[in-house]
Structures are given as structure tokens and as C-alpha cells.
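Structure file structure_6.cif; described as mmCIF, N, CA, C and O atoms.
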```
data_target
#
loop_
_atom_site.label_atom_id
_atom_site.label_comp_id
_atom_site.auth_asym_id
_atom_site.auth_seq_id
_atom_site.Cartn_x
_atom_site.Cartn_y
_atom_site.Cartn_z
N MET A 1 65.70 -95.03 54.93
CA MET A 1 64.95 -94.30 55.94
C MET A 1 65.79 -93.16 56.49
O MET A 1 66.98 -93.30 56.74
N ILE A 2 65.16 -92.02 56.68
CA ILE A 2 65.85 -90.83 57.19
C ILE A 2 65.80 -90.84 58.70
O ILE A 2 64.75 -90.98 59.30
N ASP A 3 66.97 -90.70 59.32
CA ASP A 3 67.09 -90.71 60.77
C ASP A 3 67.10 -89.28 61.30
O ASP A 3 68.11 -88.59 61.22
N VAL A 4 65.95 -88.82 61.82
CA VAL A 4 65.84 -87.49 62.40
C VAL A 4 66.12 -87.61 63.89
O VAL A 4 65.52 -88.42 64.58
N GLN A 5 67.06 -86.80 64.36
CA GLN A 5 67.44 -86.82 65.77
C GLN A 5 67.01 -85.51 66.43
O GLN A 5 66.80 -84.51 65.77
N LEU A 6 66.90 -85.55 67.75
CA LEU A 6 66.54 -84.38 68.53
C LEU A 6 67.60 -84.14 69.58
O LEU A 6 68.04 -85.07 70.25
N THR A 7 67.99 -82.88 69.70
CA THR A 7 68.86 -82.48 70.79
C THR A 7 68.23 -81.28 71.48
O THR A 7 67.77 -80.35 70.82
N LEU A 8 68.15 -81.34 72.81
CA LEU A 8 67.62 -80.24 73.62
C LEU A 8 68.54 -80.03 74.81
O LEU A 8 68.94 -81.00 75.47
N ASN A 9 68.86 -78.76 75.10
CA ASN A 9 69.67 -78.50 76.29
C ASN A 9 68.76 -78.34 77.51
O ASN A 9 67.54 -78.47 77.41
N GLN A 10 69.35 -78.03 78.65
CA GLN A 10 68.58 -77.94 79.88
C GLN A 10 67.56 -76.81 79.87
O GLN A 10 66.58 -76.84 80.60
N LYS A 11 67.78 -75.80 79.03
CA LYS A 11 66.85 -74.68 78.93
C LYS A 11 65.76 -74.92 77.89
O LYS A 11 64.93 -74.06 77.67
N GLY A 12 65.79 -76.09 77.25
CA GLY A 12 64.76 -76.42 76.27
C GLY A 12 65.05 -75.91 74.87
O GLY A 12 64.17 -75.91 74.01
N HIS A 13 66.28 -75.49 74.61
CA HIS A 13 66.67 -75.02 73.28
C HIS A 13 67.39 -76.14 72.55
O HIS A 13 68.21 -76.84 73.14
N GLY A 14 67.09 -76.29 71.26
CA GLY A 14 67.76 -77.34 70.50
C GLY A 14 67.25 -77.43 69.09
O GLY A 14 66.81 -76.42 68.51
N SER A 15 67.30 -78.64 68.56
CA SER A 15 66.87 -78.81 67.17
C SER A 15 66.58 -80.27 66.86
O SER A 15 67.08 -81.18 67.50
N PHE A 16 65.74 -80.42 65.85
CA PHE A 16 65.60 -81.69 65.16
C PHE A 16 66.60 -81.60 64.01
O PHE A 16 66.71 -80.54 63.37
N PHE A 17 67.32 -82.67 63.73
CA PHE A 17 68.31 -82.59 62.66
C PHE A 17 68.55 -83.94 62.01
O PHE A 17 68.23 -84.99 62.57
N VAL A 18 69.12 -83.86 60.82
CA VAL A 18 69.55 -85.03 60.07
C VAL A 18 71.04 -84.84 59.81
O VAL A 18 71.47 -83.76 59.39
N ALA A 19 71.82 -85.88 60.09
CA ALA A 19 73.26 -85.82 59.86
C ALA A 19 73.64 -86.79 58.74
O ALA A 19 72.97 -87.81 58.53
N ASP A 20 74.71 -86.45 58.03
CA ASP A 20 75.19 -87.34 56.98
C ASP A 20 76.07 -88.42 57.60
O ASP A 20 76.23 -88.50 58.83
N ALA A 21 76.68 -89.24 56.79
CA ALA A 21 77.50 -90.35 57.27
C ALA A 21 78.70 -89.88 58.08
O ALA A 21 79.23 -90.62 58.92
N ASN A 22 79.14 -88.63 57.85
CA ASN A 22 80.28 -88.08 58.59
C ASN A 22 79.86 -87.37 59.88
O ASN A 22 80.70 -86.80 60.57
N GLY A 23 78.55 -87.36 60.17
CA GLY A 23 78.06 -86.70 61.37
C GLY A 23 77.79 -85.22 61.19
O GLY A 23 77.47 -84.53 62.16
N GLU A 24 77.94 -84.71 59.97
CA GLU A 24 77.66 -83.30 59.69
C GLU A 24 76.16 -83.10 59.54
O GLU A 24 75.49 -83.87 58.85
N LYS A 25 75.64 -82.03 60.17
CA LYS A 25 74.22 -81.72 60.02
C LYS A 25 73.95 -81.26 58.59
O LYS A 25 74.60 -80.33 58.11
N ILE A 26 73.00 -81.93 57.92
CA ILE A 26 72.64 -81.52 56.56
C ILE A 26 71.24 -80.93 56.51
O ILE A 26 70.85 -80.35 55.50
N ALA A 27 70.50 -81.06 57.60
CA ALA A 27 69.17 -80.45 57.71
C ALA A 27 68.90 -80.22 59.19
O ALA A 27 69.23 -81.06 60.02
N GLU A 28 68.29 -79.06 59.48
CA GLU A 28 68.07 -78.73 60.88
C GLU A 28 66.82 -77.86 61.04
O GLU A 28 66.57 -76.97 60.23
N MET A 29 66.06 -78.13 62.09
CA MET A 29 64.90 -77.32 62.48
C MET A 29 65.16 -76.86 63.91
O MET A 29 65.16 -77.66 64.85
N VAL A 30 65.42 -75.56 64.07
CA VAL A 30 65.78 -74.99 65.37
C VAL A 30 64.50 -74.72 66.16
O VAL A 30 63.57 -74.08 65.66
N ILE A 31 64.46 -75.22 67.40
CA ILE A 31 63.26 -75.13 68.23
C ILE A 31 63.61 -74.74 69.66
O ILE A 31 64.77 -74.76 70.06
N SER A 32 62.55 -74.43 70.42
CA SER A 32 62.66 -74.35 71.87
C SER A 32 61.36 -74.88 72.45
O SER A 32 60.30 -74.77 71.83
N VAL A 33 61.47 -75.47 73.61
CA VAL A 33 60.31 -76.00 74.32
C VAL A 33 60.26 -75.32 75.68
O VAL A 33 61.24 -75.31 76.42
N SER A 34 59.09 -74.73 75.97
CA SER A 34 58.91 -74.06 77.24
C SER A 34 57.47 -74.30 77.69
O SER A 34 56.53 -73.93 76.98
N GLY A 35 57.31 -74.92 78.84
CA GLY A 35 55.97 -75.24 79.33
C GLY A 35 55.27 -76.15 78.34
O GLY A 35 55.79 -77.21 78.00
N ASP A 36 54.09 -75.73 77.87
CA ASP A 36 53.34 -76.56 76.93
C ASP A 36 53.44 -76.04 75.50
O ASP A 36 52.60 -76.31 74.67
N GLN A 37 54.52 -75.28 75.21
CA GLN A 37 54.69 -74.70 73.88
C GLN A 37 56.02 -75.11 73.26
O GLN A 37 57.05 -75.16 73.94
N LEU A 38 55.97 -75.39 71.97
CA LEU A 38 57.15 -75.66 71.18
C LEU A 38 57.21 -74.57 70.11
O LEU A 38 56.27 -74.43 69.33
N THR A 39 58.28 -73.81 70.10
CA THR A 39 58.45 -72.74 69.11
C THR A 39 59.45 -73.21 68.06
O THR A 39 60.53 -73.70 68.41
N VAL A 40 59.07 -73.07 66.79
CA VAL A 40 59.97 -73.41 65.69
C VAL A 40 60.48 -72.09 65.12
O VAL A 40 59.69 -71.25 64.68
N TYR A 41 61.81 -71.92 65.13
CA TYR A 41 62.42 -70.67 64.69
C TYR A 41 62.89 -70.70 63.24
O TYR A 41 62.77 -69.70 62.53
N HIS A 42 63.47 -71.81 62.84
CA HIS A 42 64.15 -71.83 61.54
C HIS A 42 64.30 -73.27 61.06
O HIS A 42 64.57 -74.16 61.85
N THR A 43 64.14 -73.46 59.77
CA THR A 43 64.40 -74.76 59.14
C THR A 43 65.36 -74.51 57.99
O THR A 43 65.15 -73.59 57.19
N GLU A 44 66.41 -75.33 57.92
CA GLU A 44 67.39 -75.16 56.86
C GLU A 44 67.90 -76.53 56.41
O GLU A 44 68.16 -77.40 57.22
N VAL A 45 68.05 -76.66 55.10
CA VAL A 45 68.62 -77.86 54.50
C VAL A 45 69.83 -77.41 53.68
O VAL A 45 69.73 -76.45 52.90
N SER A 46 70.96 -78.07 53.86
CA SER A 46 72.16 -77.68 53.12
C SER A 46 71.91 -77.84 51.61
O SER A 46 71.15 -78.73 51.20
N PRO A 47 72.52 -76.99 50.80
CA PRO A 47 72.26 -77.00 49.36
C PRO A 47 72.45 -78.36 48.69
O PRO A 47 71.66 -78.74 47.82
N ASN A 48 73.46 -79.11 49.11
CA ASN A 48 73.70 -80.41 48.47
C ASN A 48 72.71 -81.49 48.91
O ASN A 48 72.72 -82.59 48.36
N ALA A 49 71.85 -81.18 49.89
CA ALA A 49 70.86 -82.17 50.37
C ALA A 49 69.43 -81.76 50.03
O ALA A 49 68.48 -82.44 50.43
N GLN A 50 69.27 -80.65 49.32
CA GLN A 50 67.92 -80.18 49.00
C GLN A 50 67.25 -81.11 47.98
O GLN A 50 67.92 -81.79 47.22
N GLY A 51 65.92 -81.11 48.01
CA GLY A 51 65.16 -81.93 47.07
C GLY A 51 65.01 -83.38 47.46
O GLY A 51 64.55 -84.20 46.67
N LYS A 52 65.38 -83.71 48.68
CA LYS A 52 65.31 -85.10 49.15
C LYS A 52 64.23 -85.30 50.21
O LYS A 52 64.15 -86.35 50.82
N GLY A 53 63.43 -84.26 50.46
CA GLY A 53 62.35 -84.37 51.43
C GLY A 53 62.76 -84.23 52.87
O GLY A 53 62.00 -84.59 53.77
N LEU A 54 63.96 -83.69 53.12
CA LEU A 54 64.44 -83.61 54.50
C LEU A 54 63.65 -82.62 55.33
O LEU A 54 63.36 -82.88 56.50
N ALA A 55 63.28 -81.48 54.76
CA ALA A 55 62.49 -80.51 55.52
C ALA A 55 61.15 -81.13 55.91
O ALA A 55 60.67 -80.94 57.04
N GLY A 56 60.54 -81.87 55.02
CA GLY A 56 59.28 -82.56 55.31
C GLY A 56 59.44 -83.59 56.41
O GLY A 56 58.55 -83.75 57.25
N GLU A 57 60.56 -84.29 56.42
CA GLU A 57 60.82 -85.27 57.48
C GLU A 57 61.01 -84.58 58.83
O GLU A 57 60.54 -85.07 59.85
N LEU A 58 61.70 -83.44 58.83
CA LEU A 58 61.86 -82.68 60.07
C LEU A 58 60.49 -82.24 60.58
O LEU A 58 60.20 -82.35 61.77
N LEU A 59 59.65 -81.74 59.66
CA LEU A 59 58.31 -81.29 60.03
C LEU A 59 57.49 -82.44 60.61
O LEU A 59 56.87 -82.31 61.67
N LYS A 60 57.52 -83.58 59.95
CA LYS A 60 56.76 -84.74 60.40
C LYS A 60 57.21 -85.19 61.80
O LYS A 60 56.38 -85.49 62.66
N THR A 61 58.50 -85.19 62.03
CA THR A 61 59.04 -85.60 63.33
C THR A 61 58.68 -84.60 64.42
O THR A 61 58.30 -84.98 65.53
N MET A 62 58.78 -83.30 64.10
CA MET A 62 58.42 -82.26 65.07
C MET A 62 56.95 -82.35 65.44
O MET A 62 56.59 -82.26 66.62
N VAL A 63 56.08 -82.58 64.46
CA VAL A 63 54.64 -82.68 64.71
C VAL A 63 54.35 -83.89 65.61
O VAL A 63 53.58 -83.81 66.56
N ALA A 64 54.98 -85.01 65.32
CA ALA A 64 54.78 -86.22 66.14
C ALA A 64 55.26 -85.97 67.57
O ALA A 64 54.60 -86.39 68.53
N TYR A 65 56.37 -85.28 67.73
CA TYR A 65 56.89 -84.96 69.06
C TYR A 65 55.92 -84.05 69.80
O TYR A 65 55.62 -84.27 70.98
N ALA A 66 55.43 -83.02 69.13
CA ALA A 66 54.49 -82.09 69.76
C ALA A 66 53.23 -82.81 70.22
O ALA A 66 52.74 -82.59 71.32
N ARG A 67 52.71 -83.69 69.38
CA ARG A 67 51.50 -84.44 69.75
C ARG A 67 51.78 -85.39 70.91
O ARG A 67 50.98 -85.49 71.84
N ALA A 68 52.91 -86.06 70.88
CA ALA A 68 53.24 -87.02 71.94
C ALA A 68 53.41 -86.34 73.29
O ALA A 68 53.15 -86.94 74.33
N HIS A 69 53.83 -85.08 73.27
CA HIS A 69 54.08 -84.35 74.52
C HIS A 69 53.01 -83.29 74.79
O HIS A 69 53.20 -82.44 75.66
N GLN A 70 51.90 -83.35 74.05
CA GLN A 70 50.78 -82.40 74.20
C GLN A 70 51.25 -80.95 74.19
O GLN A 70 50.90 -80.16 75.07
N LEU A 71 52.04 -80.60 73.17
CA LEU A 71 52.57 -79.25 73.04
C LEU A 71 51.82 -78.50 71.94
O LEU A 71 51.39 -79.10 70.96
N LYS A 72 51.69 -77.21 72.11
CA LYS A 72 51.17 -76.33 71.07
C LYS A 72 52.36 -75.71 70.35
O LYS A 72 53.34 -75.30 70.98
N VAL A 73 52.28 -75.66 69.03
CA VAL A 73 53.40 -75.20 68.21
C VAL A 73 53.20 -73.74 67.79
O VAL A 73 52.14 -73.37 67.28
N ILE A 74 54.23 -72.94 67.99
CA ILE A 74 54.28 -71.57 67.51
C ILE A 74 55.22 -71.57 66.31
O ILE A 74 56.44 -71.67 66.47
N PRO A 75 54.68 -71.49 65.09
CA PRO A 75 55.51 -71.63 63.89
C PRO A 75 56.09 -70.29 63.41
O PRO A 75 55.58 -69.68 62.48
N LEU A 76 57.17 -69.82 64.04
CA LEU A 76 57.82 -68.60 63.60
C LEU A 76 58.63 -68.83 62.32
O LEU A 76 58.86 -67.89 61.56
N CYS A 77 59.02 -70.05 62.09
CA CYS A 77 59.75 -70.42 60.88
C CYS A 77 58.83 -70.27 59.66
O CYS A 77 57.72 -70.81 59.66
N PRO A 78 59.26 -69.55 58.62
CA PRO A 78 58.41 -69.37 57.44
C PRO A 78 57.98 -70.68 56.78
O PRO A 78 56.84 -70.80 56.34
N TYR A 79 58.87 -71.67 56.73
CA TYR A 79 58.52 -72.95 56.12
C TYR A 79 57.41 -73.64 56.91
O TYR A 79 56.41 -74.08 56.34
N VAL A 80 57.56 -73.74 58.22
CA VAL A 80 56.56 -74.42 59.04
C VAL A 80 55.24 -73.64 59.02
O VAL A 80 54.17 -74.24 58.88
N HIS A 81 55.31 -72.33 59.12
CA HIS A 81 54.10 -71.52 59.08
C HIS A 81 53.37 -71.72 57.75
O HIS A 81 52.14 -71.85 57.73
N ALA A 82 54.10 -71.76 56.65
CA ALA A 82 53.48 -71.98 55.33
C ALA A 82 52.80 -73.34 55.26
O ALA A 82 51.69 -73.47 54.72
N GLN A 83 53.43 -74.36 55.82
CA GLN A 83 52.83 -75.70 55.80
C GLN A 83 51.57 -75.74 56.66
O GLN A 83 50.57 -76.36 56.28
N PHE A 84 51.61 -75.09 57.83
CA PHE A 84 50.44 -75.04 58.70
C PHE A 84 49.29 -74.32 58.00
O PHE A 84 48.14 -74.75 58.08
N LYS A 85 49.59 -73.21 57.31
CA LYS A 85 48.55 -72.46 56.61
C LYS A 85 48.01 -73.24 55.41
O LYS A 85 46.83 -73.18 55.11
N ARG A 86 48.89 -73.95 54.71
CA ARG A 86 48.51 -74.70 53.52
C ARG A 86 47.65 -75.91 53.86
O ARG A 86 46.78 -76.30 53.09
N HIS A 87 47.90 -76.53 55.01
CA HIS A 87 47.20 -77.75 55.42
C HIS A 87 46.68 -77.63 56.85
O HIS A 87 47.06 -78.42 57.73
N PRO A 88 45.79 -76.68 57.12
CA PRO A 88 45.35 -76.44 58.51
C PRO A 88 44.70 -77.66 59.15
O PRO A 88 44.85 -77.87 60.36
N ALA A 89 44.00 -78.46 58.40
CA ALA A 89 43.33 -79.63 58.98
C ALA A 89 44.33 -80.63 59.56
O ALA A 89 44.01 -81.35 60.51
N LEU A 90 45.53 -80.64 59.02
CA LEU A 90 46.55 -81.57 59.53
C LEU A 90 47.18 -81.10 60.83
O LEU A 90 47.74 -81.91 61.57
N TYR A 91 47.10 -79.79 61.10
CA TYR A 91 47.85 -79.23 62.21
C TYR A 91 47.02 -78.46 63.22
O TYR A 91 47.58 -77.96 64.21
N ASN A 92 45.72 -78.32 63.03
CA ASN A 92 44.89 -77.52 63.94
C ASN A 92 45.01 -77.95 65.39
O ASN A 92 44.89 -77.13 66.29
N ASP A 93 45.21 -79.24 65.64
CA ASP A 93 45.28 -79.74 67.02
C ASP A 93 46.51 -79.25 67.77
O ASP A 93 46.53 -79.20 69.00
N ILE A 94 47.57 -78.86 67.03
CA ILE A 94 48.80 -78.44 67.70
C ILE A 94 49.19 -76.99 67.41
O ILE A 94 50.07 -76.45 68.06
N TRP A 95 48.51 -76.36 66.46
CA TRP A 95 48.87 -74.99 66.04
C TRP A 95 48.36 -73.97 67.02
O TRP A 95 47.16 -73.82 67.21
N LYS A 96 49.29 -73.23 67.64
CA LYS A 96 48.90 -72.13 68.53
C LYS A 96 48.84 -70.87 67.67
O LYS A 96 49.86 -70.32 67.30
N GLN A 97 47.61 -70.45 67.38
CA GLN A 97 47.41 -69.30 66.49
C GLN A 97 47.22 -68.03 67.29
O GLN A 97 46.78 -68.01 68.37
#
```
In C-alpha cells, how does this file's structure come out?
Amino acid sequence: MIDVQLTLNQKGHGSFFVADANGEKIAEMVISVSGDQLTVYHTEVSPNAQGKGLAGELLKTMVAYARAHQLKVIPLCPYVHAQFKRHPALYNDIWKQ
């Protein structure tokens, strides 16, 4: 099972991330939360961890977080925006278009 963690500072800036056994981030989705909006800026998976579904796990965790906190998502990240466009029925409830 992939352990996706969330870190947010007092200003609402942070990321969802996956760390390896040494605590190094191997996948990260950079976000900010302000009011009722969650903005996704960037998603990156380190080259040695690609192809393992980590970006999808970050997306799934971010979506669950947004729904749990009644947030609308602004997908500035090309990966997240592409997923929202590809599967609008899955994300219409949280997608701020």
C-alpha cells in the first residue's frame, strides 16, 4: 500500500507526497488551500519511481481530501487538468472551471 502524506504550513501551502524508506520524497503534488479552494500547481514523480502509479495515488488522495473538506479544485497542474478533462464525470463535483 502506498502511504500518501500531506503537509500544509500556516498559510495553506504544502503538498501531498510519497516518501521512500529513507524519507526522501519520490512523488509530490504541490498545492495550496485558501478558503474553499484547493489549487494544484505541480505533480512530479522522481524518474526511478515512475510507472508505479504514484501520480494516480496522489490524485486520488487529493480528490478525497477536497471532497472531505468541501473544497473546489483549481487544476493548474497539467497532469491534474488532463485527468479532470479526460474523466469529467469523476471530478465535476470538485472541479472549479
>> I'd like the interatomic distance between atom C of Ala49 (chain A) and atom N of Ser34 (chain A), to a tenth of an Å.
In response: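 Between these atoms lies a distance of 28.8 Å.
Selection check: the PyMOL selection byres ((chain A and resi 72) around 7) on the shown file gives Ser34, Asp36, Gln37, Leu38, Thr39, Ala66, His69, Gln70, Leu71, Val73, Ile74, Asp93, Ile94, Trp95 and Lys96 of chain A.
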Would you output that residue set with N, CA, C and O atoms, as an mmCIF file, in the frame of the given file?
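In the end it all went to again.cif:
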```
data_model
loop_
_atom_site.group_PDB
_atom_site.id
_atom_site.type_symbol
_atom_site.label_atom_id
_atom_site.label_comp_id
_atom_site.auth_asym_id
_atom_site.auth_seq_id
_atom_site.Cartn_x
_atom_site.Cartn_y
_atom_site.Cartn_z
ATOM 1 N N SER A 34 59.090 -74.730 75.970
ATOM 2 C CA SER A 34 58.910 -74.060 77.240
ATOM 3 C C SER A 34 57.470 -74.300 77.690
ATOM 4 O O SER A 34 56.530 -73.930 76.980
ATOM 5 N N ASP A 36 54.090 -75.730 77.870
ATOM 6 C CA ASP A 36 53.340 -76.560 76.930
ATOM 7 C C ASP A 36 53.440 -76.040 75.500
ATOM 8 O O ASP A 36 52.600 -76.310 74.670
ATOM 9 N N GLN A 37 54.520 -75.280 75.210
ATOM 10 C CA GLN A 37 54.690 -74.700 73.880
ATOM 11 C C GLN A 37 56.020 -75.110 73.260
ATOM 12 O O GLN A 37 57.050 -75.160 73.940
ATOM 13 N N LEU A 38 55.970 -75.390 71.970
ATOM 14 C CA LEU A 38 57.150 -75.660 71.180
ATOM 15 C C LEU A 38 57.210 -74.570 70.110
ATOM 16 O O LEU A 38 56.270 -74.430 69.330
ATOM 17 N N THR A 39 58.280 -73.810 70.100
ATOM 18 C CA THR A 39 58.450 -72.740 69.110
ATOM 19 C C THR A 39 59.450 -73.210 68.060
ATOM 20 O O THR A 39 60.530 -73.700 68.410
ATOM 21 N N ALA A 66 55.430 -83.020 69.130
ATOM 22 C CA ALA A 66 54.490 -82.090 69.760
ATOM 23 C C ALA A 66 53.230 -82.810 70.220
ATOM 24 O O ALA A 66 52.740 -82.590 71.320
ATOM 25 N N HIS A 69 53.830 -85.080 73.270
ATOM 26 C CA HIS A 69 54.080 -84.350 74.520
ATOM 27 C C HIS A 69 53.010 -83.290 74.790
ATOM 28 O O HIS A 69 53.200 -82.440 75.660
ATOM 29 N N GLN A 70 51.900 -83.350 74.050
ATOM 30 C CA GLN A 70 50.780 -82.400 74.200
ATOM 31 C C GLN A 70 51.250 -80.950 74.190
ATOM 32 O O GLN A 70 50.900 -80.160 75.070
ATOM 33 N N LEU A 71 52.040 -80.600 73.170
ATOM 34 C CA LEU A 71 52.570 -79.250 73.040
ATOM 35 C C LEU A 71 51.820 -78.500 71.940
ATOM 36 O O LEU A 71 51.390 -79.100 70.960
ATOM 37 N N VAL A 73 52.280 -75.660 69.030
ATOM 38 C CA VAL A 73 53.400 -75.200 68.210
ATOM 39 C C VAL A 73 53.200 -73.740 67.790
ATOM 40 O O VAL A 73 52.140 -73.370 67.280
ATOM 41 N N ILE A 74 54.230 -72.940 67.990
ATOM 42 C CA ILE A 74 54.280 -71.570 67.510
ATOM 43 C C ILE A 74 55.220 -71.570 66.310
ATOM 44 O O ILE A 74 56.440 -71.670 66.470
ATOM 45 N N ASP A 93 45.210 -79.240 65.640
ATOM 46 C CA ASP A 93 45.280 -79.740 67.020
ATOM 47 C C ASP A 93 46.510 -79.250 67.770
ATOM 48 O O ASP A 93 46.530 -79.200 69.000
ATOM 49 N N ILE A 94 47.570 -78.860 67.030
ATOM 50 C CA ILE A 94 48.800 -78.440 67.700
ATOM 51 C C ILE A 94 49.190 -76.990 67.410
ATOM 52 O O ILE A 94 50.070 -76.450 68.060
ATOM 53 N N TRP A 95 48.510 -76.360 66.460
ATOM 54 C CA TRP A 95 48.870 -74.990 66.040
ATOM 55 C C TRP A 95 48.360 -73.970 67.020
ATOM 56 O O TRP A 95 47.160 -73.820 67.210
ATOM 57 N N LYS A 96 49.290 -73.230 67.640
ATOM 58 C CA LYS A 96 48.900 -72.130 68.530
ATOM 59 C C LYS A 96 48.840 -70.870 67.670
ATOM 60 O O LYS A 96 49.860 -70.320 67.300
#
```
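Picked out by the PyMOL selection byres ((chain A and resi 20-27) around 4.5) when it runs on this file: Phe16, Phe17, Val18, Ala19, Glu28, Glu44, Val45 and Ser46 of chain A.
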>> Can you spell out as JSON, numbers by chain the set of residues that the PyMOL selection byres ((chain A and resi 30) around 5) selects in the structure I just provided?
In response: {"A": [14, 15, 28, 29, 31, 32, 39, 40, 41, 42, 43]}
>> If I take atom C of Asn48 (chain A) and atom O of Asn9 (chain A), how far is one from the other in Å, to one decimal?
In response: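 Atom O of Asn9 (chain A) lies at a distance of 29.1 Å from atom C of Asn48 (chain A).
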> Using all atoms listed in the file, which residue out of A:Pro47, A:Ala55, A:Gln5, A:Gly12 lies closest to Val80 (chain A)?
Replying inline: A:Ala55
>> Can you pull out every residue from chain A that DSSP, working from the backbone, puts in strand (DSSP E or B), and format the result as a PyMOL selection string?
In response: chain A and resi 5-8+13-19+25-34+37-45+72-75+95
> Any idea what the distance is between CA of Arg86 (chain A) and atom O of Gln50 (chain A)?
Replying inline: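 Interatomic distance, CA of Arg86 (chain A) to atom O of Gln50 (chain A): 21.6 Å.
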>> Just list as a PyMOL selection string whatever in chain A DSSP marks as helix (DSSP H, G or I).
In response: chain A and resi 47-49+54-68+78-86+88-91
